[in-house]
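What follows is the content of upload-v2.cif, which has mmCIF, C-alpha atoms:
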```cif
data_start
loop_
_atom_site.label_atom_id
_atom_site.label_comp_id
_atom_site.auth_asym_id
_atom_site.auth_seq_id
_atom_site.Cartn_x
_atom_site.Cartn_y
_atom_site.Cartn_z
CA MET A 1 -26.44 -26.03 56.86
CA LEU A 2 -22.97 -27.09 58.15
CA LEU A 3 -22.72 -29.65 55.35
CA ALA A 4 -23.53 -27.02 52.71
CA ILE A 5 -20.87 -24.65 54.06
CA LEU A 6 -18.24 -27.41 54.02
CA LEU A 7 -19.10 -28.31 50.43
CA LEU A 8 -18.88 -24.63 49.36
CA MET A 9 -15.48 -24.21 51.00
CA ALA A 10 -14.18 -27.37 49.34
CA GLY A 11 -15.31 -26.16 45.90
CA THR A 12 -13.70 -22.76 46.34
CA GLY A 13 -10.43 -24.35 47.36
CA ALA A 14 -10.47 -26.57 44.28
CA PHE A 15 -11.01 -23.51 42.05
CA PHE A 16 -7.98 -21.65 43.44
CA ALA A 17 -5.86 -24.79 43.34
CA LEU A 18 -6.70 -25.20 39.67
CA GLY A 19 -5.90 -21.55 38.98
CA ALA A 20 -2.52 -21.87 40.66
CA ALA A 21 -1.72 -24.96 38.62
CA VAL A 22 -2.44 -23.16 35.37
CA THR A 23 -0.61 -19.90 36.15
CA GLY A 24 2.17 -21.18 38.34
CA GLY A 25 0.64 -19.32 41.24
CA GLN A 26 1.28 -15.90 39.62
CA PRO A 27 -1.01 -13.51 37.71
CA GLN A 28 -0.36 -13.71 33.95
CA ALA A 29 -0.16 -10.61 31.77
CA MET A 30 -1.65 -10.96 28.31
CA ASP A 31 1.09 -11.36 25.72
CA GLU A 32 1.06 -8.91 22.78
CA ASP A 33 0.47 -11.85 20.42
CA ASP A 34 -2.59 -12.89 22.42
CA ARG A 35 -4.33 -9.57 22.04
CA ALA A 36 -6.94 -9.15 19.37
CA ALA A 37 -5.43 -7.31 16.39
CA PRO A 38 -6.76 -6.53 12.91
CA THR A 39 -5.57 -9.15 10.46
CA SER A 40 -7.48 -8.47 7.27
CA VAL A 41 -9.06 -5.87 5.06
CA GLU A 42 -12.41 -6.41 6.72
CA ALA A 43 -11.03 -6.51 10.28
CA ALA A 44 -8.63 -3.56 10.23
CA PRO A 45 -10.08 -0.09 10.74
CA GLU A 46 -8.29 2.51 8.66
CA ASP A 47 -6.98 4.42 11.65
CA ILE A 48 -5.55 1.51 13.65
CA VAL A 49 -1.91 0.54 13.24
CA PRO A 50 -0.90 -2.26 15.62
CA SER A 51 2.76 -2.29 16.58
CA THR A 52 3.14 -6.00 15.92
CA PRO A 53 1.68 -7.42 12.68
CA THR A 54 -0.02 -10.78 12.94
CA ALA A 55 0.86 -13.57 10.56
CA SER A 56 -1.73 -14.59 8.00
CA PRO A 57 -2.36 -18.25 7.20
CA SER A 58 -3.43 -17.41 3.66
CA PRO A 59 -1.59 -15.72 0.78
CA GLU A 60 -4.81 -14.29 -0.61
CA PRO A 61 -4.81 -10.46 -0.66
CA ALA A 62 -8.09 -10.27 1.23
CA THR A 63 -6.59 -11.95 4.32
CA VAL A 64 -3.05 -10.55 4.33
CA PRO A 65 -2.47 -8.18 7.27
CA LEU A 66 -2.58 -4.60 6.05
CA TYR A 67 -1.27 -2.53 8.90
CA PHE A 68 2.43 -3.07 9.38
CA SER A 69 3.79 -0.24 11.49
CA GLY A 70 7.22 0.69 10.15
CA THR A 71 10.13 2.44 11.81
CA GLY A 72 10.09 5.64 9.76
CA THR A 73 13.59 4.84 8.49
CA TRP A 74 14.42 3.71 4.97
CA THR A 75 16.55 1.27 3.02
CA TYR A 76 17.47 2.48 -0.46
CA ALA A 77 17.74 -0.05 -3.24
CA GLU A 78 20.94 -0.81 -5.07
CA PRO A 79 19.81 -0.71 -8.72
CA ALA A 80 20.11 -3.93 -10.65
CA ASP A 81 20.17 -1.86 -13.86
CA THR A 82 21.35 1.73 -14.13
CA GLU A 83 20.95 2.05 -17.89
CA VAL A 84 18.80 4.87 -19.26
CA PHE A 85 15.55 3.59 -20.73
CA GLY A 86 13.32 5.42 -23.16
CA ASP A 87 14.22 6.63 -26.64
CA ALA A 88 13.58 10.37 -26.33
CA GLY A 89 12.54 13.15 -24.02
CA THR A 90 13.61 14.58 -20.68
CA LEU A 91 15.76 12.33 -18.51
CA LEU A 92 14.63 11.92 -14.91
CA THR A 93 16.58 9.95 -12.35
CA TYR A 94 14.74 8.09 -9.63
CA ASN A 95 15.60 5.96 -6.65
CA VAL A 96 13.64 3.44 -4.62
CA ALA A 97 13.28 3.21 -0.84
CA VAL A 98 11.38 0.78 1.39
CA GLU A 99 10.48 1.58 4.97
CA ASN A 100 12.19 -0.60 7.52
CA GLY A 101 9.92 -2.74 9.66
CA ILE A 102 7.14 -3.40 7.14
CA GLU A 103 8.66 -6.74 6.13
CA LEU A 104 8.70 -6.07 2.40
CA ASP A 105 11.84 -6.70 0.37
CA VAL A 106 13.57 -3.64 -1.09
CA ALA A 107 15.18 -5.52 -4.00
CA GLU A 108 11.87 -7.07 -5.06
CA PHE A 109 10.08 -3.73 -4.91
CA SER A 110 12.90 -2.02 -6.81
CA ASP A 111 12.83 -4.66 -9.55
CA PHE A 112 9.05 -4.28 -9.85
CA VAL A 113 9.21 -0.50 -10.14
CA HIS A 114 11.98 -0.75 -12.75
CA ALA A 115 10.09 -3.33 -14.80
CA THR A 116 6.95 -1.18 -14.67
CA LEU A 117 8.59 2.07 -15.74
CA ALA A 118 10.71 0.33 -18.40
CA ASP A 119 7.69 -1.43 -19.90
CA PRO A 120 6.89 -0.20 -23.46
CA ARG A 121 3.34 0.56 -22.29
CA SER A 122 4.53 2.92 -19.55
CA TRP A 123 5.46 6.62 -19.62
CA THR A 124 8.40 6.35 -22.03
CA ALA A 125 6.02 5.30 -24.83
CA GLY A 126 4.97 8.88 -25.52
CA GLY A 127 8.53 9.99 -26.26
CA ALA A 128 8.50 12.75 -23.64
CA TRP A 129 10.40 10.96 -20.87
CA ARG A 130 13.40 8.80 -20.18
CA PHE A 131 14.26 7.28 -16.81
CA GLN A 132 17.35 6.08 -14.99
CA GLN A 133 17.46 4.44 -11.60
CA VAL A 134 20.25 5.62 -9.30
CA ALA A 135 21.50 4.54 -5.89
CA GLY A 136 21.32 6.54 -2.68
CA SER A 137 19.05 9.43 -1.78
CA ASP A 138 19.93 11.93 -4.52
CA ALA A 139 17.49 11.69 -7.45
CA ASP A 140 14.84 13.69 -9.27
CA PHE A 141 12.18 11.69 -7.45
CA THR A 142 11.95 8.81 -5.01
CA VAL A 143 9.52 5.92 -5.17
CA TYR A 144 8.75 4.97 -1.57
CA LEU A 145 7.03 1.84 -0.28
CA ALA A 146 5.69 3.11 3.03
CA SER A 147 3.43 2.09 5.88
CA PRO A 148 0.08 3.90 6.07
CA GLU A 149 1.51 6.05 8.87
CA GLN A 150 4.50 7.18 6.85
CA ARG A 151 2.35 7.65 3.75
CA ALA A 152 0.39 10.25 5.73
CA TYR A 153 3.59 11.94 6.89
CA LEU A 154 5.29 12.03 3.47
CA CYS A 155 2.22 13.42 1.76
CA GLY A 156 1.01 15.80 4.44
CA SER A 157 -2.42 14.17 4.60
CA GLN A 158 -4.16 12.12 7.28
CA ASN A 159 -5.56 9.76 4.67
CA THR A 160 -3.85 6.41 5.30
CA THR A 161 -5.82 4.25 2.89
CA VAL A 162 -4.29 5.06 -0.49
CA SER A 163 -1.02 5.94 -2.24
CA CYS A 164 -0.02 9.51 -3.04
CA ARG A 165 2.46 11.93 -4.58
CA ASN A 166 3.80 15.02 -2.91
CA GLY A 167 6.51 16.97 -4.74
CA ASP A 168 9.32 14.52 -5.46
CA ASN A 169 7.83 11.90 -3.13
CA VAL A 170 6.07 9.14 -5.05
CA VAL A 171 4.57 7.09 -2.22
CA ILE A 172 3.10 3.60 -2.58
CA ASN A 173 1.01 2.61 0.43
CA SER A 174 2.06 -0.80 1.77
CA ALA A 175 -1.56 -1.60 2.65
CA ARG A 176 -2.58 -1.29 -0.97
CA TRP A 177 0.60 -3.00 -2.18
CA ILE A 178 -0.19 -6.05 -0.09
CA ALA A 179 -3.90 -6.36 -0.75
CA GLY A 180 -4.93 -4.18 -3.70
CA VAL A 181 -8.61 -3.23 -3.67
CA GLU A 182 -11.64 -5.47 -3.81
CA HIS A 183 -13.23 -3.99 -6.94
CA TRP A 184 -10.08 -4.29 -9.08
CA ASP A 185 -10.88 -6.60 -12.00
CA GLY A 186 -7.30 -7.67 -12.79
CA THR A 187 -4.43 -9.31 -10.94
CA LEU A 188 -2.68 -7.94 -7.87
CA ASP A 189 0.42 -7.31 -9.98
CA SER A 190 -1.59 -5.27 -12.47
CA TYR A 191 -3.00 -3.19 -9.61
CA ARG A 192 0.55 -2.56 -8.40
CA GLN A 193 1.59 -1.51 -11.92
CA TYR A 194 -1.34 0.90 -11.95
CA ALA A 195 -0.32 2.37 -8.58
CA VAL A 196 3.25 2.99 -9.74
CA ASN A 197 2.24 4.46 -13.09
CA HIS A 198 -0.51 6.62 -11.56
CA GLU A 199 1.71 8.20 -8.91
CA VAL A 200 4.68 8.65 -11.25
CA GLY A 201 2.22 10.21 -13.70
CA HIS A 202 1.52 12.91 -11.13
CA ARG A 203 5.26 13.54 -10.78
CA LEU A 204 5.31 14.07 -14.56
CA GLY A 205 2.58 16.69 -14.31
CA HIS A 206 -0.57 14.70 -15.08
CA GLY A 207 -3.77 15.42 -13.16
CA HIS A 208 -6.72 13.18 -12.47
CA GLU A 209 -9.03 11.92 -15.19
CA VAL A 210 -12.26 9.93 -15.02
CA CYS A 211 -13.80 7.07 -16.96
CA PRO A 212 -14.70 8.22 -20.50
CA ALA A 213 -17.44 5.66 -21.19
CA GLU A 214 -18.94 2.44 -19.87
CA GLY A 215 -16.78 -0.58 -20.72
CA GLU A 216 -13.79 1.44 -21.91
CA PRO A 217 -10.32 0.99 -20.37
CA SER A 218 -9.86 3.35 -17.49
CA PRO A 219 -7.31 6.14 -17.89
CA VAL A 220 -4.29 5.31 -15.72
CA MET A 221 -4.73 8.76 -14.16
CA ALA A 222 -8.22 7.90 -12.92
CA GLN A 223 -8.49 7.16 -9.20
CA GLN A 224 -9.03 3.46 -9.74
CA THR A 225 -8.30 2.71 -6.10
CA TYR A 226 -11.67 4.29 -5.30
CA GLN A 227 -13.72 2.93 -8.18
CA LEU A 228 -13.64 1.93 -11.83
CA ALA A 229 -16.80 3.94 -12.58
CA GLY A 230 -17.92 1.58 -15.35
CA CYS A 231 -14.52 1.32 -17.01
CA THR A 232 -12.26 -1.71 -16.92
CA GLY A 233 -9.11 -1.59 -14.81
CA ASN A 234 -6.02 -0.37 -16.64
CA ALA A 235 -2.44 -0.19 -15.40
CA TRP A 236 -0.83 1.58 -18.36
CA PRO A 237 -0.75 5.07 -19.88
CA TYR A 238 -0.22 3.53 -23.35
CA PRO A 239 -1.82 0.06 -23.23
CA ASP A 240 -0.92 -0.70 -26.86
CA GLY A 241 2.49 0.99 -26.62
CA GLU A 242 1.37 3.90 -28.82
CA THR A 243 -1.98 5.42 -27.83
CA TYR A 244 -2.48 7.34 -24.60
CA VAL A 245 -5.76 6.38 -22.94
CA SER A 246 -7.35 9.54 -21.62
CA GLY A 247 -10.62 10.63 -20.09
CA PRO A 248 -12.29 13.83 -18.96
CA VAL A 249 -10.51 15.80 -16.27
CA GLY A 250 -12.02 15.09 -12.88
CA ASP A 251 -11.87 13.38 -9.49
CA TYR A 252 -13.86 10.57 -7.94
CA ASN A 253 -13.13 11.86 -4.42
CA GLY A 254 -13.37 8.91 -2.06
CA PRO A 255 -15.92 8.95 0.75
CA ASP A 256 -13.18 9.62 3.33
CA LEU A 257 -11.99 12.80 1.60
CA PRO A 258 -13.47 16.28 1.65
CA PRO A 259 -14.10 17.78 -1.81
CA ASP A 260 -11.23 20.24 -1.42
CA ASP A 261 -8.60 17.62 -0.55
CA PHE A 262 -6.43 17.48 -3.65
CA VAL A 263 -3.55 15.51 -2.17
CA ASP A 264 -3.18 12.66 -4.61
CA ARG A 265 -4.94 9.35 -4.26
#
```

This entry written out as structure tokens:
Amino acid sequence: MLLAILLLMAGTGAFFALGAAVTGGQPQAMDEDDRAAPTSVEAAPEDIVPSTPTASPSPEPATVPLYFSGTGTWTYAEPADTEVFGDAGTLLTYNVAVENGIELDVAEFSDFVHATLADPRSWTAGGAWRFQQVAGSDADFTVYLASPEQRAYLCGSQNTTVSCRNGDNVVINSARWIAGVEHWDGTLDSYRQYAVNHEVGHRLGHGHEVCPAEGEPSPVMAQQTYQLAGCTGNAWPYPDGETYVSGPVGDYNGPDLPPDDFVDR
């Protein structure tokens, strides 16, 4: 019995000695980077926004971290081109702002928005609108690239999963900008073009439309972030530069939205 007690005491002492060697004799708090955090579309619940984004080892949209918590402050782009584009119609000025802290470049986003709106397949093709990018915060509308948190704030809706438009706020959700959506049948850039054109379309007065027929291009005003509904993905109001692709008026209403929630998606 005495031998067993001595052996037990010796083992316990070795355990604590080993623990002291590893921790320097002090209790160790878990670092923020050591804590489990959502790092992908599959891993990140829609209502969790960790304060420190984790780095992704892969550039693929499906594994890029979605939930970057921003600061709620904004950097406005200095336009690379302030020329009016579009041949006819009402002139609207716009500016571009990116939320600080989400680690997305304001100049790159601004250039992408400009290239999308200036494309001959975009909203100027119908002859009703012209656009001009301006600096600062004074414009007819602002295209924001915002964290899911700020998207909810700017659009007055708790939905953090999609982009939206509220008055003169055209808000692109950084989660969707980074990763797109799984069912999209085109490139990530084409999804981003769709998001810009769809939300700007609401600012121009267009409501939601739905897929007109199986296999047809989707109307840009369809809620393609939720589903394609048998259509093919389409980023442009005028895919051939002349003909507006339309569908029946209607909503898909995502599973996380009540039927009476008409804040844009």

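Put simply, CA of Ser137 (chain A) is 19.4 Å away from CA of Asn173 (chain A).
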
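CA of Ala97 (chain A) is positioned 5.4 Å from CA of Thr75 (chain A).
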
Check: Using all atoms listed in the file, which residue out of A:Ser69, A:Ser122, A:Gln223, A:Asn166 lies closest to Val143 (chain A)?
Finding: A:Asn166

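Shortest separation to Asp240 (chain A) among A:Ala125, A:Cys211, A:Ile172, A:Ala222 occurs at residue A:Ala125, atoms counted being only C-alpha atoms.
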
Which residues are close to Gly215 (chain A), i.e. within 9 Å by all atoms listed in the file, leaving aside same-chain residues fewer than 4 positions away? Reply as a PDB file with C-alpha atoms, keeping the file's coordinate frame.
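Written output follows (around.pdb):
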```pdb
ATOM      1  CA  GLY A 230     -17.920   1.580 -15.350  1.00  0.00           C
ATOM      2  CA  CYS A 231     -14.520   1.320 -17.010  1.00  0.00           C
ATOM      3  CA  THR A 232     -12.260  -1.710 -16.920  1.00  0.00           C
TER       4      THR A 232
END
```

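Of the listed residues (A:Ala88, A:Val96, A:Val249, A:Ala235), A:Val96 comes nearest to Asp138 (chain A); the distances count only C-alpha atoms.
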
Next item on the list: Using only C-alpha atoms, find the one residue out of A:Gly126, A:Gly180, A:Gly72, A:Gly136 that sits nearest to Val245 (chain A).
Entry: A:Gly126

Next item on the list: Carefully work through the PyMOL selection byres ((chain A and resi 183-197) around 9) for this structure and note down the residues it includes, as a ChimeraX atom specification.
Entry: /A:61,112-113,116-117,122-123,143,163,170-172,176-182,198-202,220-221,224-228,232-237

Item checked: Pairwise distance for CA of Gly207 (chain A) and CA of Pro248 (chain A), rounded to one decimal in Å -> 10.4 Å

Notebook entry, point to check: In terms of the shortest atom-to-atom distance over only C-alpha atoms, which of A:Ala77, A:Leu145, A:Ala128, A:Ala107 is closest to Leu91 (chain A)?
Noted result: A:Ala128

Check: Which residue gives the smallest distance to Asp87 (chain A) among A:Gly250, A:Gly127, A:Gly167, A:Pro239, with all atoms listed in the file counted?
Finding: A:Gly127

Margin query: as a PyMOL selection string, please: the residues near Gly101 (chain A) (cut-off 9 Å, only C-alpha atoms, same-chain neighbours under 6 positions excluded).
Written below: chain A and resi 68-73+147
